[in-house]
Amino acid sequence: MFKRFRRLRLNNNLRAMVKENSLSINDLIYPLFVVDGKGIKKEIASMPDVFQMSLDEILKECENIIDLGIKAILLFGVLQEDRKDSCGSDALDDEGLIARSIREIKKHFPQLFVISDLCFCEYTDHGHCGIIDIKTKSVDNDATLEISSQQALVHARAGVDMIAPSGMMDGIVQVLREVLDKNDYENLPIMSYSTKFASSYYGPFRDVAQSSPSYGDRKTYQMDFANGKEALEESLEDMIEGADILMVKPALAYLDVVKEISFYSNVPLCVYNVSGEYAMLKAAQKAGVIDYEKVLFETMIAFKRAGAKLIITYHAKEIAKMLKG
């Protein structure tokens with residue numbers, strides 16, 4: 001006697017009742033990119049419907065996001081070239097772009113959950129994620145940990161709801177947890193970019209964040225995309241160091257890694273549906289070769305099925321509209 005799997009598929013209501021994974025607006029985190037100035041809303045050619053926005057426009061966007069039911073944003077600062085320097089000083093300033101933006105967003109929309117990207121690539125004139133060791137021409141891990149601690153306190157004082165360190169420095173979670181706890185921010189959670197690959201899927205992001213390295217690449221600190229066991233070890237180490245949420249970035253080509261981490265970790269797992277993934281779906285939509293909304297929804301469910309609880313995605317507003325019907 002063979003098993004009749006189709007018994008549970010023949011009725012619409014029953015299919016809904018036994019569905020293993022679902023997608024909710026509560027799962028979505030929407031990235032935003034703030035720039036200095038006023039009245040700026042500049043669309044990125046490689047990422048349709050994604051913008052660099054001045055703070056006044058960001059505040060309008062936040063109101064729109066809340067109306068759609070989205071509860072969380074991931075905020076990036078995009079600094080003017082003439083304000084960048086070798087150590088990303090603006091990111092260490094309580095009156096810098098990211099600090100001012102966090103304060104204003106929380107002032108106007110206290111109910112919105114604001115996550116800050118904690119890194120230096122958008123603030124340094126060399127485009128790398130920390131202090132450069134002159135001898136090796138690579139990022140000095142421990143020197144970068146020191147200024148990352150300063151940056152974390154800037155974000156905390158500004159009122160951010162969660163910090164997301166993205167530079168892939170060894171020991172970053174432990175160092176940030178210690179400095180936050182020492183300064184009475186023991187309840188401020190950390191979402192670690194715990195498994196972040198040196199990926200070509202980031203191309204369009206570097207257009208919007210203006211964060212391409214001026215020389216070399218990030219392979220000495222971001223992960224080799226061929227390595228799965230190391231990916232698991234990276235995330236489990238961050239969990240041990242105190243990360244409240246782990247993350248895999250990119251998402252779509254790394255669902256095996258997402259699944260593996262979900263088996264072995266006992267904290268929530270987030271995926272970053274990155275710019276290249278977004279751009280490819282948008283290009284396929286424009287070419288008319290896919291049913292865009294169906295493929296988009298299927299992709300999101302794939303993230304959930306692999307073990308992700310949260311999804312950072314540029315599609316968030318579109319998905320929210322789809323879910324609201």
# chains A, B, ... in the order shown; residues from 1 in each chain; ligands from 1

call {"tool": "residues_around", "arguments": {"residues": "Ala320 (chain A)", "least_positions_apart": "2", "cutoff": "10 Å", "atoms": "only C-alpha atoms", "output": "ChimeraX atom specification"}}
result
/A:23-26,28,65,67-70,315-318,322-325

call {"tool": "write_last_selection", "arguments": {"atoms": "N, CA, C and O atoms", "output": "mmCIF file, in the first residue's frame"}}
result
data_model
loop_
_atom_site.group_PDB
_atom_site.id
_atom_site.type_symbol
_atom_site.label_atom_id
_atom_site.label_comp_id
_atom_site.auth_asym_id
_atom_site.auth_seq_id
_atom_site.Cartn_x
_atom_site.Cartn_y
_atom_site.Cartn_z
ATOM 1 N N LEU A 23 4.051 33.583 5.693
ATOM 2 C CA LEU A 23 4.731 34.877 5.650
ATOM 3 C C LEU A 23 3.833 35.930 6.265
ATOM 4 O O LEU A 23 2.635 36.011 5.941
ATOM 5 N N SER A 24 4.419 36.734 7.149
ATOM 6 C CA SER A 24 3.667 37.780 7.841
ATOM 7 C C SER A 24 4.377 39.118 7.680
ATOM 8 O O SER A 24 5.597 39.171 7.499
ATOM 9 N N ILE A 25 3.607 40.194 7.759
ATOM 10 C CA ILE A 25 4.208 41.527 7.757
ATOM 11 C C ILE A 25 5.201 41.666 8.912
ATOM 12 O O ILE A 25 6.215 42.364 8.802
ATOM 13 N N ASN A 26 4.942 40.946 9.996
ATOM 14 C CA ASN A 26 5.832 41.006 11.165
ATOM 15 C C ASN A 26 7.215 40.439 10.882
ATOM 16 O O ASN A 26 8.156 40.668 11.649
ATOM 17 N N LEU A 28 9.053 41.198 8.269
ATOM 18 C CA LEU A 28 9.748 42.051 7.314
ATOM 19 C C LEU A 28 10.512 43.196 7.979
ATOM 20 O O LEU A 28 10.013 43.859 8.888
ATOM 21 N N ILE A 65 5.522 53.576 5.637
ATOM 22 C CA ILE A 65 5.848 52.226 6.082
ATOM 23 C C ILE A 65 4.915 51.787 7.211
ATOM 24 O O ILE A 65 4.384 50.672 7.206
ATOM 25 N N ASP A 67 1.940 52.925 7.877
ATOM 26 C CA ASP A 67 0.590 52.749 7.328
ATOM 27 C C ASP A 67 0.426 51.380 6.668
ATOM 28 O O ASP A 67 -0.671 50.805 6.669
ATOM 29 N N LEU A 68 1.522 50.857 6.117
ATOM 30 C CA LEU A 68 1.479 49.538 5.482
ATOM 31 C C LEU A 68 1.552 48.404 6.494
ATOM 32 O O LEU A 68 1.349 47.241 6.141
ATOM 33 N N GLY A 69 1.869 48.727 7.735
ATOM 34 C CA GLY A 69 1.949 47.710 8.774
ATOM 35 C C GLY A 69 3.341 47.186 9.033
ATOM 36 O O GLY A 69 3.528 46.290 9.876
ATOM 37 N N ILE A 70 4.340 47.734 8.324
ATOM 38 C CA ILE A 70 5.725 47.314 8.557
ATOM 39 C C ILE A 70 6.204 47.924 9.872
ATOM 40 O O ILE A 70 6.012 49.111 10.128
ATOM 41 N N HIS A 315 11.883 44.459 -0.997
ATOM 42 C CA HIS A 315 10.525 44.159 -1.464
ATOM 43 C C HIS A 315 9.482 44.386 -0.368
ATOM 44 O O HIS A 315 8.299 44.120 -0.602
ATOM 45 N N ALA A 316 9.894 44.824 0.814
ATOM 46 C CA ALA A 316 8.998 44.810 1.976
ATOM 47 C C ALA A 316 7.679 45.531 1.726
ATOM 48 O O ALA A 316 6.614 45.031 2.107
ATOM 49 N N LYS A 317 7.724 46.697 1.100
ATOM 50 C CA LYS A 317 6.480 47.440 0.880
ATOM 51 C C LYS A 317 5.559 46.702 -0.088
ATOM 52 O O LYS A 317 4.338 46.649 0.116
ATOM 53 N N GLU A 318 6.136 46.129 -1.134
ATOM 54 C CA GLU A 318 5.339 45.350 -2.081
ATOM 55 C C GLU A 318 4.686 44.154 -1.389
ATOM 56 O O GLU A 318 3.501 43.869 -1.604
ATOM 57 N N MET A 322 0.739 43.092 -0.761
ATOM 58 C CA MET A 322 0.216 41.785 -1.169
ATOM 59 C C MET A 322 -0.477 41.097 0.004
ATOM 60 O O MET A 322 -1.563 40.526 -0.148
ATOM 61 N N LEU A 323 0.134 41.149 1.187
ATOM 62 C CA LEU A 323 -0.418 40.465 2.344
ATOM 63 C C LEU A 323 -1.692 41.126 2.832
ATOM 64 O O LEU A 323 -2.589 40.438 3.355
ATOM 65 N N LYS A 324 -1.784 42.442 2.661
ATOM 66 C CA LYS A 324 -2.996 43.148 3.089
ATOM 67 C C LYS A 324 -4.141 42.955 2.101
ATOM 68 O O LYS A 324 -5.287 43.222 2.404
ATOM 69 N N GLY A 325 -3.760 42.509 0.875
ATOM 70 C CA GLY A 325 -4.777 42.243 -0.154
ATOM 71 C C GLY A 325 -5.329 43.513 -0.768
ATOM 72 O O GLY A 325 -6.413 43.525 -1.292
#

call {"tool": "select_by_dssp", "arguments": {"residues": "region 82-264 of chain A", "states": "strand (DSSP E or B)", "output": "list in words"}}
result
Asp85, Phe113, Val114, Ile115, Ser116, Asp117, Leu118, Thr124, Ile132, Asp133, Ser138, Val139, Met162, Ile163, Ala164, Pro165, Ile190, Met191, Thr195, Lys196, Phe197, Met223, Ile245, Leu246, Met247, Val248 and Lys249 of chain A

call {"tool": "residues_around", "arguments": {"residues": "Lys249 (chain A)", "least_positions_apart": "4", "cutoff": "7 Å", "atoms": "only C-alpha atoms", "output": "list in words"}}
result
Thr195, Lys196, Phe197, Val271 and Tyr272 of chain A

call {"tool": "closest_atom_pairs", "arguments": {"of": "region 144-253 of chain A", "to": "region 89-104 of chain A", "cutoff": "9 Å", "atoms": "only C-alpha atoms", "output": "Markdown table"}}
result
| residue | atom | partner | partner_atom | distance |
| --- | --- | --- | --- | --- |
| A:Ile147 | CA | A:Leu92 | CA | 7.6 |
| A:Ser148 | CA | A:Leu92 | CA | 8.5 |
| A:Gln150 | CA | A:Leu92 | CA | 6.2 |
| A:Gln151 | CA | A:Leu92 | CA | 5.0 |
| A:Ala152 | CA | A:Leu92 | CA | 8.6 |
| A:Leu153 | CA | A:Leu92 | CA | 8.7 |
| A:Val154 | CA | A:Asp94 | CA | 5.6 |
| A:His155 | CA | A:Ala99 | CA | 5.9 |
| A:Ala156 | CA | A:Ala99 | CA | 8.9 |
| A:Arg157 | CA | A:Asp94 | CA | 7.9 |
| A:Ala158 | CA | A:Arg103 | CA | 5.2 |
| A:Gly159 | CA | A:Arg103 | CA | 6.2 |
| A:Val160 | CA | A:Ile102 | CA | 6.2 |

call {"tool": "write_last_selection", "arguments": {"atoms": "N, CA, C and O atoms", "output": "compact mmCIF listing (two decimals), in the first residue's frame"}}
result
# COMPACT_ATOMS: atom_id res chain seq x y z
N ILE A 147 36.91 51.26 17.74
CA ILE A 147 36.04 52.34 17.26
C ILE A 147 34.60 51.85 17.05
O ILE A 147 33.66 52.65 17.11
N SER A 148 34.42 50.55 16.84
CA SER A 148 33.07 50.00 16.75
C SER A 148 32.35 50.15 18.08
O SER A 148 31.14 50.40 18.12
N GLN A 150 32.82 52.60 20.17
CA GLN A 150 32.41 54.00 20.21
C GLN A 150 31.16 54.24 19.37
O GLN A 150 30.24 54.95 19.78
N GLN A 151 31.14 53.62 18.18
CA GLN A 151 29.99 53.79 17.30
C GLN A 151 28.72 53.20 17.93
O GLN A 151 27.64 53.79 17.82
N ALA A 152 28.85 52.07 18.58
CA ALA A 152 27.70 51.45 19.23
C ALA A 152 27.09 52.37 20.28
O ALA A 152 25.86 52.49 20.40
N LEU A 153 27.94 53.05 21.04
CA LEU A 153 27.43 53.96 22.07
C LEU A 153 26.77 55.19 21.44
O LEU A 153 25.79 55.71 21.99
N VAL A 154 27.29 55.64 20.31
CA VAL A 154 26.64 56.74 19.59
C VAL A 154 25.22 56.35 19.21
O VAL A 154 24.25 57.10 19.41
N HIS A 155 25.06 55.16 18.66
CA HIS A 155 23.74 54.68 18.25
C HIS A 155 22.83 54.50 19.47
O HIS A 155 21.64 54.84 19.42
N ALA A 156 23.40 53.94 20.53
CA ALA A 156 22.60 53.70 21.74
C ALA A 156 22.10 55.01 22.34
O ALA A 156 20.92 55.13 22.71
N ARG A 157 22.99 55.99 22.43
CA ARG A 157 22.59 57.29 23.00
C ARG A 157 21.53 57.97 22.14
O ARG A 157 20.70 58.73 22.64
N ALA A 158 21.55 57.70 20.83
CA ALA A 158 20.57 58.31 19.93
C ALA A 158 19.20 57.67 20.07
O ALA A 158 18.21 58.22 19.59
N GLY A 159 19.14 56.50 20.71
CA GLY A 159 17.84 55.87 20.96
C GLY A 159 17.50 54.72 20.04
O GLY A 159 16.32 54.35 19.93
N VAL A 160 18.49 54.12 19.38
CA VAL A 160 18.22 53.02 18.47
C VAL A 160 17.65 51.83 19.24
O VAL A 160 17.90 51.65 20.43

call {"tool": "residues_around", "arguments": {"residues": "Pro189 (chain A)", "least_positions_apart": "3", "cutoff": "8 Å", "atoms": "only C-alpha atoms", "output": "list in words"}}
result
Asp161, Met162, Ile163, Glu186, Ala243 and Asp244 of chain A

call {"tool": "write_last_selection", "arguments": {"atoms": "all heavy atoms", "output": "mmCIF file, in the first residue's frame"}}
result
data_model
loop_
_atom_site.group_PDB
_atom_site.id
_atom_site.type_symbol
_atom_site.label_atom_id
_atom_site.label_comp_id
_atom_site.auth_asym_id
_atom_site.auth_seq_id
_atom_site.Cartn_x
_atom_site.Cartn_y
_atom_site.Cartn_z
ATOM 1 N N ASP A 161 16.859 51.015 18.543
ATOM 2 C CA ASP A 161 16.211 49.870 19.183
ATOM 3 C C ASP A 161 17.037 48.584 19.086
ATOM 4 O O ASP A 161 16.878 47.693 19.923
ATOM 5 C CB ASP A 161 14.844 49.624 18.540
ATOM 6 C CG ASP A 161 13.884 50.762 18.787
ATOM 7 O OD1 ASP A 161 13.586 51.030 19.968
ATOM 8 O OD2 ASP A 161 13.430 51.391 17.811
ATOM 9 N N MET A 162 17.882 48.489 18.082
ATOM 10 C CA MET A 162 18.753 47.325 17.938
ATOM 11 C C MET A 162 19.942 47.707 17.066
ATOM 12 O O MET A 162 19.819 48.522 16.149
ATOM 13 C CB MET A 162 18.006 46.139 17.316
ATOM 14 C CG MET A 162 18.826 44.849 17.249
ATOM 15 S SD MET A 162 17.801 43.349 17.158
ATOM 16 C CE MET A 162 17.006 43.561 15.556
ATOM 17 N N ILE A 163 21.096 47.107 17.366
ATOM 18 C CA ILE A 163 22.323 47.379 16.624
ATOM 19 C C ILE A 163 22.669 46.157 15.784
ATOM 20 O O ILE A 163 22.572 45.016 16.253
ATOM 21 C CB ILE A 163 23.472 47.731 17.586
ATOM 22 C CG1 ILE A 163 23.251 49.122 18.190
ATOM 23 C CG2 ILE A 163 24.819 47.684 16.882
ATOM 24 C CD1 ILE A 163 24.228 49.476 19.279
ATOM 25 N N GLU A 186 22.226 47.286 28.738
ATOM 26 C CA GLU A 186 22.203 45.826 28.740
ATOM 27 C C GLU A 186 20.966 45.253 28.051
ATOM 28 O O GLU A 186 20.945 44.087 27.639
ATOM 29 C CB GLU A 186 22.292 45.286 30.175
ATOM 30 C CG GLU A 186 21.143 45.648 31.080
ATOM 31 C CD GLU A 186 21.310 47.007 31.768
ATOM 32 O OE1 GLU A 186 22.319 47.691 31.492
ATOM 33 O OE2 GLU A 186 20.432 47.372 32.564
ATOM 34 N N ALA A 243 25.074 37.367 20.656
ATOM 35 C CA ALA A 243 24.144 37.880 19.645
ATOM 36 C C ALA A 243 22.727 37.423 19.967
ATOM 37 O O ALA A 243 22.499 36.250 20.277
ATOM 38 C CB ALA A 243 24.549 37.407 18.257
ATOM 39 N N ASP A 244 21.786 38.339 19.888
ATOM 40 C CA ASP A 244 20.381 38.009 20.145
ATOM 41 C C ASP A 244 19.692 37.457 18.908
ATOM 42 O O ASP A 244 18.745 36.675 19.007
ATOM 43 C CB ASP A 244 19.650 39.262 20.637
ATOM 44 C CG ASP A 244 20.257 39.795 21.917
ATOM 45 O OD1 ASP A 244 20.008 39.206 22.978
ATOM 46 O OD2 ASP A 244 21.013 40.785 21.836
#

call {"tool": "closest_residue", "arguments": {"among": "A:Met169, A:Ile40, A:Ile29, A:Val175", "to": "Ile311 (chain A)", "atoms": "only C-alpha atoms"}}
result
A:Ile29

call {"tool": "select_by_dssp", "arguments": {"residues": "region 65-269 of chain A", "states": "helix (DSSP H, G or I)", "output": "VMD selection string"}}
result
chain A and resid 65 to 68 81 to 83 89 to 92 97 to 108 141 to 158 172 to 182 200 to 209 229 to 241 252 to 264

call {"tool": "residues_around", "arguments": {"residues": "region 9-22 of chain A", "least_positions_apart": "3", "cutoff": "7 Å", "atoms": "only C-alpha atoms", "output": "list in words"}}
result
Arg6, Ile301, Lys304 and Arg305 of chain A

call {"tool": "closest_residue", "arguments": {"among": "A:Glu57, A:Gly39, A:Gly203, A:Pro110", "to": "Ala279 (chain A)", "atoms": "only C-alpha atoms"}}
result
A:Gly203
